[in-house]
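K.L.:
Right, I'll just put the structure down here and ask away after.
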Amino acid sequence: MAIRLQSAVGGFSPESMRQLPELENAMLAHGLEPSNFVISKDRASPEGPWIGPFFYQYTVFIGKENFTVTKPSDLRFYDYLYDRCIAEPEDDDIRLQQHPPRPGLIRRIFRWMEQPI
């Protein structure tokens, strides 16, 4: 059984639909069951009178768990989800060690203000 797709904004692009079997195969290869996934696509930015939405909000439901990602297109979301499905848990740990997250804006301001004049 395949990933279930839902959309409140006119469906998913034909390009992303053609790549869906590749995503499902990657999920199976990494021990994930595609039939447990439901992907919902909604508008993330307001729509103006002359322009369409710039970003879409994708919510991925896996059983009782879910997460939401905002991306500009279905293909960008597909790339994001594909990378997450094939990533090994160690990859995230190594990436954090190589590139630790920068301190937040407030912490950087306080550190700057603590410097002697």
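Letters A, B, ... go to the chains of the structure tokens in the order shown; residues in each chain start at 1; ligands are counted from 1 in the same order.
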Excluding Gln57 in chain A and residues on its chain fewer than 5 positions from it, collect all residues at most 6 Å away from it, counting only C-alpha atoms, and give them as a list in words.
P.N.:
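My reading of the contact set: Lys41, Asp42, Arg43, Ala44, Val69 and Thr70 of chain A.
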K.L.:
When distances are computed from only C-alpha atoms, which of A:Phe110, A:Phe55, A:Ala2, A:Asp74 shows the smallest separation from Glu22 in chain A?
P.N.:
A:Ala2
K.L.:
Of the candidates A:Pro72, A:Gln6, A:Phe54, A:Pro14, which shows the shortest atom-to-atom distance to Ser40 in chain A, using only C-alpha atoms?
P.N.:
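Going through A:Pro72, A:Gln6, A:Phe54, A:Pro14 one by one, the smallest distance to Ser40 in chain A is for A:Gln6.
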K.L.:
Skip Ile3 in chain A itself and residues of its chain fewer than 2 positions away, then list as a VMD selection string all residues within 10 Å of it, counting only C-alpha atoms.
P.N.:
chain A and resid 1 5 20 to 21 23 to 24 33 to 39
K.L.:
Determine the nearest neighbour of Gly11 in chain A from the options A:Met27, A:Asp79, A:Ser73, A:Glu65, counting only C-alpha atoms.
P.N.:
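Smallest separation from Gly11 in chain A among the options: A:Ser73.
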K.L.:
Taking the DSSP assignment computed from this structure's backbone, write out as a compact mmCIF listing (two decimals) with C-alpha atoms, in the first residue's frame all residues of range 2-89 of chain A that belong to alpha helix (DSSP H).
P.N.:
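Heads up, here's the output in out.txt:
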```txt
# COMPACT_ATOMS: atom_id res chain seq x y z
CA PRO A 14 2.87 15.71 -11.51
CA GLU A 15 6.69 15.66 -11.10
CA SER A 16 6.45 14.79 -7.42
CA MET A 17 3.80 12.15 -8.12
CA ARG A 18 6.15 10.48 -10.64
CA GLN A 19 8.91 10.37 -8.00
CA LEU A 20 6.66 8.97 -5.25
CA PRO A 21 7.46 5.28 -6.00
CA GLU A 22 11.19 6.06 -5.57
CA LEU A 23 10.44 7.56 -2.14
CA GLU A 24 8.35 4.53 -1.15
CA ASN A 25 11.15 2.17 -2.22
CA ALA A 26 13.69 4.17 -0.18
CA MET A 27 11.36 3.98 2.83
CA LEU A 28 11.04 0.21 2.50
CA ALA A 29 14.81 -0.15 2.13
CA ASP A 74 6.35 19.86 -3.92
CA LEU A 75 9.75 18.92 -5.36
CA ARG A 76 11.62 20.74 -2.58
CA PHE A 77 9.48 18.94 -0.02
CA TYR A 78 10.08 15.63 -1.80
CA ASP A 79 13.86 16.20 -1.64
CA TYR A 80 13.64 17.06 2.05
CA LEU A 81 11.56 13.98 2.92
CA TYR A 82 13.68 11.67 0.76
CA ASP A 83 16.86 12.88 2.50
CA ARG A 84 15.26 12.31 5.91
CA CYS A 85 14.15 8.78 4.95
CA ILE A 86 17.56 7.66 3.74
CA PRO A 89 20.92 8.31 12.64
```
